[in-house]
>>> print(open('upload_38.pdb').read())   # PDB, C-alpha atoms, pLDDT in the B column
ATOM      1  CA  MET A1387     -53.361 -47.569  47.123  1.00 54.00           C
ATOM      2  CA  SER A1388     -53.102 -46.255  43.661  1.00 60.00           C
ATOM      3  CA  ARG A1389     -50.361 -43.984  42.581  1.00 67.00           C
ATOM      4  CA  SER A1390     -51.064 -41.106  40.217  1.00 66.00           C
ATOM      5  CA  ASN A1391     -48.931 -40.603  37.131  1.00 74.00           C
ATOM      6  CA  ARG A1392     -49.403 -36.847  37.356  1.00 73.00           C
ATOM      7  CA  PRO A1393     -46.306 -34.798  38.166  1.00 70.00           C
ATOM      8  CA  GLY A1394     -46.270 -33.033  41.487  1.00 79.00           C
ATOM      9  CA  LEU A1395     -47.191 -29.396  41.834  1.00 83.00           C
ATOM     10  CA  GLY A1396     -43.641 -28.494  42.917  1.00 86.00           C
ATOM     11  CA  SER A1397     -42.029 -29.885  39.776  1.00 87.00           C
ATOM     12  CA  VAL A1398     -44.557 -28.087  37.542  1.00 88.00           C
ATOM     13  CA  ALA A1399     -43.850 -24.813  39.356  1.00 91.00           C
ATOM     14  CA  PHE A1400     -40.086 -25.377  39.127  1.00 93.00           C
ATOM     15  CA  PHE A1401     -40.139 -26.021  35.369  1.00 94.00           C
ATOM     16  CA  SER A1402     -42.529 -23.107  34.790  1.00 95.00           C
ATOM     17  CA  VAL A1403     -40.228 -20.717  36.638  1.00 96.00           C
ATOM     18  CA  ALA A1404     -37.180 -22.140  34.844  1.00 96.00           C
ATOM     19  CA  PHE A1405     -38.913 -21.739  31.474  1.00 96.00           C
ATOM     20  CA  MET A1406     -39.964 -18.168  32.232  1.00 97.00           C
ATOM     21  CA  LEU A1407     -36.435 -17.253  33.349  1.00 96.00           C
ATOM     22  CA  GLY A1408     -35.047 -18.788  30.163  1.00 96.00           C
ATOM     23  CA  VAL A1409     -37.487 -16.760  28.053  1.00 95.00           C
ATOM     24  CA  TYR A1410     -36.650 -13.568  29.953  1.00 94.00           C
ATOM     25  CA  PHE A1411     -32.885 -13.970  29.618  1.00 93.00           C
ATOM     26  CA  THR A1412     -33.179 -14.900  25.946  1.00 93.00           C
ATOM     27  CA  PHE A1413     -35.261 -11.799  25.309  1.00 92.00           C
ATOM     28  CA  ALA A1414     -32.791  -9.644  27.247  1.00 90.00           C
ATOM     29  CA  ALA A1415     -29.866 -11.100  25.286  1.00 91.00           C
ATOM     30  CA  VAL A1416     -31.511 -10.215  21.986  1.00 89.00           C
ATOM     31  CA  GLN A1417     -33.557  -7.066  22.654  1.00 89.00           C
ATOM     32  CA  GLY A1418     -32.046  -5.591  25.825  1.00 85.00           C
ATOM     33  CA  ASP A1419     -29.792  -2.580  26.335  1.00 86.00           C
ATOM     34  CA  TYR A1420     -26.719  -4.745  25.775  1.00 86.00           C
ATOM     35  CA  GLY A1421     -28.370  -7.216  23.381  1.00 88.00           C
ATOM     36  CA  LEU A1422     -27.524  -8.246  19.862  1.00 91.00           C
ATOM     37  CA  PHE A1423     -29.766  -5.701  18.158  1.00 92.00           C
ATOM     38  CA  ARG A1424     -28.278  -2.848  20.176  1.00 91.00           C
ATOM     39  CA  ARG A1425     -24.778  -4.064  19.295  1.00 93.00           C
ATOM     40  CA  VAL A1426     -25.657  -3.950  15.579  1.00 93.00           C
ATOM     41  CA  GLU A1427     -27.064  -0.423  15.966  1.00 94.00           C
ATOM     42  CA  ILE A1428     -23.895   0.722  17.725  1.00 95.00           C
ATOM     43  CA  ALA A1429     -21.700  -0.811  14.994  1.00 96.00           C
ATOM     44  CA  ALA A1430     -23.718   0.949  12.269  1.00 97.00           C
ATOM     45  CA  GLU A1431     -23.501   4.243  14.152  1.00 97.00           C
ATOM     46  CA  ARG A1432     -19.744   3.778  14.587  1.00 98.00           C
ATOM     47  CA  ASP A1433     -19.324   3.221  10.841  1.00 97.00           C
ATOM     48  CA  ALA A1434     -21.388   6.326  10.019  1.00 98.00           C
ATOM     49  CA  LEU A1435     -19.375   8.425  12.478  1.00 98.00           C
ATOM     50  CA  SER A1436     -16.118   7.100  11.018  1.00 98.00           C
ATOM     51  CA  ARG A1437     -17.230   8.201   7.546  1.00 98.00           C
ATOM     52  CA  ASP A1438     -18.165  11.623   8.936  1.00 98.00           C
ATOM     53  CA  LEU A1439     -14.784  11.891  10.648  1.00 98.00           C
ATOM     54  CA  THR A1440     -12.961  11.082   7.422  1.00 98.00           C
ATOM     55  CA  LYS A1441     -14.984  13.689   5.530  1.00 98.00           C
ATOM     56  CA  LEU A1442     -14.346  16.312   8.224  1.00 98.00           C
ATOM     57  CA  GLU A1443     -10.628  15.566   8.268  1.00 98.00           C
ATOM     58  CA  THR A1444     -10.557  16.097   4.498  1.00 98.00           C
ATOM     59  CA  GLU A1445     -12.355  19.428   4.895  1.00 97.00           C
ATOM     60  CA  ILE A1446      -9.896  20.455   7.620  1.00 98.00           C
ATOM     61  CA  VAL A1447      -6.935  19.715   5.350  1.00 97.00           C
ATOM     62  CA  GLU A1448      -8.529  21.794   2.571  1.00 95.00           C
ATOM     63  CA  MET A1449      -9.230  24.698   4.939  1.00 95.00           C
ATOM     64  CA  GLU A1450      -5.695  24.576   6.337  1.00 95.00           C
ATOM     65  CA  ASN A1451      -4.346  24.695   2.777  1.00 93.00           C
ATOM     66  CA  LEU A1452      -6.515  27.709   1.894  1.00 90.00           C
ATOM     67  CA  THR A1453      -5.577  29.437   5.142  1.00 90.00           C
ATOM     68  CA  ARG A1454      -1.877  28.875   4.504  1.00 92.00           C
ATOM     69  CA  ARG A1455      -2.234  30.169   0.932  1.00 90.00           C
ATOM     70  CA  LEU A1456      -3.839  33.393   2.205  1.00 87.00           C
ATOM     71  CA  SER A1457      -1.406  33.933   5.102  1.00 87.00           C
ATOM     72  CA  ASP A1458       1.120  36.732   5.411  1.00 85.00           C
ATOM     73  CA  THR A1459       4.076  34.427   4.777  1.00 87.00           C
ATOM     74  CA  TYR A1460       2.665  32.889   1.583  1.00 87.00           C
ATOM     75  CA  LEU A1461       0.115  34.815  -0.482  1.00 87.00           C
ATOM     76  CA  ASP A1462      -1.509  33.174  -3.495  1.00 87.00           C
ATOM     77  CA  LEU A1463      -2.730  36.064  -5.624  1.00 87.00           C
ATOM     78  CA  ASP A1464      -5.019  33.880  -7.733  1.00 88.00           C
ATOM     79  CA  LEU A1465      -6.775  32.582  -4.632  1.00 88.00           C
ATOM     80  CA  LEU A1466      -7.019  36.100  -3.233  1.00 86.00           C
ATOM     81  CA  ASP A1467      -8.605  37.273  -6.492  1.00 86.00           C
ATOM     82  CA  GLN A1468     -11.026  34.341  -6.478  1.00 87.00           C
ATOM     83  CA  GLN A1469     -12.071  35.004  -2.871  1.00 87.00           C
ATOM     84  CA  ALA A1470     -12.528  38.716  -3.502  1.00 85.00           C
ATOM     85  CA  ARG A1471     -14.737  37.977  -6.487  1.00 84.00           C
ATOM     86  CA  SER A1472     -16.878  35.291  -4.842  1.00 86.00           C
ATOM     87  CA  ILE A1473     -17.259  36.688  -1.337  1.00 88.00           C
ATOM     88  CA  LEU A1474     -17.066  40.446  -1.851  1.00 84.00           C
ATOM     89  CA  GLY A1475     -18.488  40.529  -5.367  1.00 81.00           C
ATOM     90  CA  MET A1476     -15.595  42.601  -6.647  1.00 81.00           C
ATOM     91  CA  ILE A1477     -14.666  42.994 -10.304  1.00 82.00           C
ATOM     92  CA  ARG A1478     -11.795  44.641 -12.128  1.00 81.00           C
ATOM     93  CA  ALA A1479     -12.167  48.041 -13.710  1.00 81.00           C
ATOM     94  CA  ASP A1480     -11.935  46.615 -17.223  1.00 82.00           C
ATOM     95  CA  GLU A1481     -14.648  43.951 -16.732  1.00 82.00           C
ATOM     96  CA  ILE A1482     -18.368  44.116 -17.493  1.00 82.00           C
ATOM     97  CA  VAL A1483     -20.934  42.181 -15.454  1.00 77.00           C
ATOM     98  CA  ILE A1484     -23.788  40.583 -17.384  1.00 80.00           C
ATOM     99  CA  ARG A1485     -26.665  39.121 -15.410  1.00 76.00           C
TER
END
>>> encode(input="upload_38.pdb", output="structure tokens")
Amino acid sequence: MSRSNRPGLGSVAFFSVAFMLGVYFTFAAVQGDYGLFRRVEIAAERDALSRDLTKLETEIVEMENLTRRLSDTYLDLDLLDQQARSILGMIRADEIVIR
């Protein structure tokens, strides 16, 4: 009787399945919904949203300041004049408009 040096069919199938599972899980860890690339995208989106939040908070502070300066309790006449000129297009009686 001669013995063959070829591996059995079961061991080839086992290692093939193990290799394919390894490839699948590696791909899922890198490209999947919870993979590394998605994590980097989420971090970049978080940073962009943080910058937007900071900019919006600054705009809110400016708007609150303008609102307070035009309120009944504190009226800034210079700001009122500026707003009337820019929004309503008003001018004083002694001014001339040149276009």
>>> residues_around(input="upload_38.pdb", residues="A:Asp1464", least_positions_apart="6", cutoff="12 Å", atoms="all atoms listed in the file", output="PyMOL selection string")
chain A and resi 1452+1455-1456+1470-1471
>>> atom_distance(input="upload_38.pdb", atom1="atom CA of A:Leu1463", atom2="atom CA of A:Ile1482")
21.2 Å
>>> atom_distance(input="upload_38.pdb", atom1="atom CA of A:Glu1450", atom2="atom CA of A:Gln1468")
17.0 Å
>>> atom_distance(input="upload_38.pdb", atom1="atom CA of A:Gln1469", atom2="atom CA of A:Met1449")
13.2 Å
>>> closest_residue(input="upload_38.pdb", among="A:Arg1454, A:Ala1479, A:Arg1485, A:Leu1407", to="A:Leu1466", atoms="all atoms listed in the file")
A:Arg1454
>>> closest_residue(input="upload_38.pdb", among="A:Thr1444, A:Thr1453, A:Gln1417, A:Ser1402", to="A:Leu1465", atoms="all atoms listed in the file")
A:Thr1453
>>> axis_aligned_box(input="upload_38.pdb", around="stretch 1408-1421 of chain A", padding_each_side="3 Å", output="lines of an AutoDock Vina configuration file")
center_x = -32.1
center_y = -10.7
center_z = 26.1
size_x = 16.8
size_y = 22.2
size_z = 14.2
>>> build_atoms(input="upload_38.pdb", residues="stretch 1462-1473 of chain A", atoms="all heavy atoms", output="mmCIF file, keeping the file's coordinate frame")
data_model
loop_
_atom_site.group_PDB
_atom_site.id
_atom_site.type_symbol
_atom_site.label_atom_id
_atom_site.label_comp_id
_atom_site.auth_asym_id
_atom_site.auth_seq_id
_atom_site.Cartn_x
_atom_site.Cartn_y
_atom_site.Cartn_z
ATOM 1 N N ASP A 1462 -1.151 33.636 -2.155
ATOM 2 C CA ASP A 1462 -1.509 33.174 -3.495
ATOM 3 C C ASP A 1462 -2.448 34.222 -4.099
ATOM 4 O O ASP A 1462 -3.598 34.357 -3.683
ATOM 5 C CB ASP A 1462 -2.191 31.815 -3.406
ATOM 6 C CG ASP A 1462 -2.466 31.202 -4.765
ATOM 7 O OD1 ASP A 1462 -2.164 31.845 -5.788
ATOM 8 O OD2 ASP A 1462 -2.992 30.067 -4.796
ATOM 9 N N LEU A 1463 -1.952 34.965 -5.054
ATOM 10 C CA LEU A 1463 -2.730 36.064 -5.624
ATOM 11 C C LEU A 1463 -3.957 35.574 -6.389
ATOM 12 O O LEU A 1463 -4.994 36.243 -6.389
ATOM 13 C CB LEU A 1463 -1.841 36.921 -6.517
ATOM 14 C CG LEU A 1463 -0.719 37.663 -5.788
ATOM 15 C CD1 LEU A 1463 0.135 38.425 -6.776
ATOM 16 C CD2 LEU A 1463 -1.296 38.575 -4.726
ATOM 17 N N ASP A 1464 -3.857 34.423 -7.024
ATOM 18 C CA ASP A 1464 -5.019 33.880 -7.733
ATOM 19 C C ASP A 1464 -6.139 33.517 -6.752
ATOM 20 O O ASP A 1464 -7.315 33.784 -7.013
ATOM 21 C CB ASP A 1464 -4.630 32.645 -8.543
ATOM 22 C CG ASP A 1464 -3.747 32.982 -9.733
ATOM 23 O OD1 ASP A 1464 -3.863 34.125 -10.231
ATOM 24 O OD2 ASP A 1464 -2.971 32.111 -10.154
ATOM 25 N N LEU A 1465 -5.773 32.926 -5.638
ATOM 26 C CA LEU A 1465 -6.775 32.582 -4.632
ATOM 27 C C LEU A 1465 -7.369 33.842 -4.008
ATOM 28 O O LEU A 1465 -8.573 33.919 -3.770
ATOM 29 C CB LEU A 1465 -6.168 31.699 -3.539
ATOM 30 C CG LEU A 1465 -7.115 31.260 -2.425
ATOM 31 C CD1 LEU A 1465 -8.259 30.434 -2.989
ATOM 32 C CD2 LEU A 1465 -6.367 30.484 -1.366
ATOM 33 N N LEU A 1466 -6.536 34.829 -3.773
ATOM 34 C CA LEU A 1466 -7.019 36.100 -3.233
ATOM 35 C C LEU A 1466 -8.019 36.753 -4.188
ATOM 36 O O LEU A 1466 -9.078 37.228 -3.784
ATOM 37 C CB LEU A 1466 -5.846 37.028 -2.953
ATOM 38 C CG LEU A 1466 -6.196 38.389 -2.366
ATOM 39 C CD1 LEU A 1466 -6.841 38.227 -1.000
ATOM 40 C CD2 LEU A 1466 -4.962 39.250 -2.292
ATOM 41 N N ASP A 1467 -7.705 36.719 -5.479
ATOM 42 C CA ASP A 1467 -8.605 37.273 -6.492
ATOM 43 C C ASP A 1467 -9.921 36.483 -6.523
ATOM 44 O O ASP A 1467 -11.004 37.080 -6.582
ATOM 45 C CB ASP A 1467 -7.925 37.237 -7.860
ATOM 46 C CG ASP A 1467 -8.776 37.863 -8.930
ATOM 47 O OD1 ASP A 1467 -9.207 39.021 -8.760
ATOM 48 O OD2 ASP A 1467 -9.022 37.179 -9.947
ATOM 49 N N GLN A 1468 -9.818 35.196 -6.466
ATOM 50 C CA GLN A 1468 -11.026 34.341 -6.478
ATOM 51 C C GLN A 1468 -11.903 34.631 -5.258
ATOM 52 O O GLN A 1468 -13.125 34.750 -5.376
ATOM 53 C CB GLN A 1468 -10.624 32.872 -6.497
ATOM 54 C CG GLN A 1468 -11.780 31.925 -6.380
ATOM 55 C CD GLN A 1468 -11.327 30.483 -6.187
ATOM 56 O OE1 GLN A 1468 -10.141 30.180 -6.246
ATOM 57 N NE2 GLN A 1468 -12.266 29.603 -5.941
ATOM 58 N N GLN A 1469 -11.299 34.741 -4.091
ATOM 59 C CA GLN A 1469 -12.071 35.004 -2.871
ATOM 60 C C GLN A 1469 -12.702 36.393 -2.912
ATOM 61 O O GLN A 1469 -13.841 36.584 -2.493
ATOM 62 C CB GLN A 1469 -11.177 34.878 -1.638
ATOM 63 C CG GLN A 1469 -10.694 33.466 -1.366
ATOM 64 C CD GLN A 1469 -11.840 32.527 -1.043
ATOM 65 O OE1 GLN A 1469 -12.775 32.891 -0.363
ATOM 66 N NE2 GLN A 1469 -11.749 31.312 -1.556
ATOM 67 N N ALA A 1470 -11.977 37.364 -3.412
ATOM 68 C CA ALA A 1470 -12.528 38.716 -3.502
ATOM 69 C C ALA A 1470 -13.712 38.759 -4.452
ATOM 70 O O ALA A 1470 -14.712 39.444 -4.203
ATOM 71 C CB ALA A 1470 -11.446 39.690 -3.957
ATOM 72 N N ARG A 1471 -13.634 38.008 -5.536
ATOM 73 C CA ARG A 1471 -14.737 37.977 -6.487
ATOM 74 C C ARG A 1471 -15.954 37.240 -5.904
ATOM 75 O O ARG A 1471 -17.089 37.710 -6.034
ATOM 76 C CB ARG A 1471 -14.315 37.294 -7.784
ATOM 77 C CG ARG A 1471 -13.363 38.111 -8.609
ATOM 78 C CD ARG A 1471 -12.825 37.247 -9.763
ATOM 79 N NE ARG A 1471 -11.882 37.985 -10.557
ATOM 80 C CZ ARG A 1471 -12.216 38.687 -11.626
ATOM 81 N NH1 ARG A 1471 -13.460 38.763 -12.007
ATOM 82 N NH2 ARG A 1471 -11.296 39.328 -12.303
ATOM 83 N N SER A 1472 -15.739 36.097 -5.301
ATOM 84 C CA SER A 1472 -16.878 35.291 -4.842
ATOM 85 C C SER A 1472 -17.513 35.835 -3.564
ATOM 86 O O SER A 1472 -18.732 35.871 -3.436
ATOM 87 C CB SER A 1472 -16.455 33.835 -4.636
ATOM 88 O OG SER A 1472 -15.526 33.741 -3.583
ATOM 89 N N ILE A 1473 -16.712 36.258 -2.626
ATOM 90 C CA ILE A 1473 -17.259 36.688 -1.337
ATOM 91 C C ILE A 1473 -17.666 38.163 -1.361
ATOM 92 O O ILE A 1473 -18.764 38.522 -0.936
ATOM 93 C CB ILE A 1473 -16.244 36.424 -0.211
ATOM 94 C CG1 ILE A 1473 -16.047 34.924 -0.048
ATOM 95 C CG2 ILE A 1473 -16.726 37.024 1.102
ATOM 96 C CD1 ILE A 1473 -14.973 34.538 0.921
#
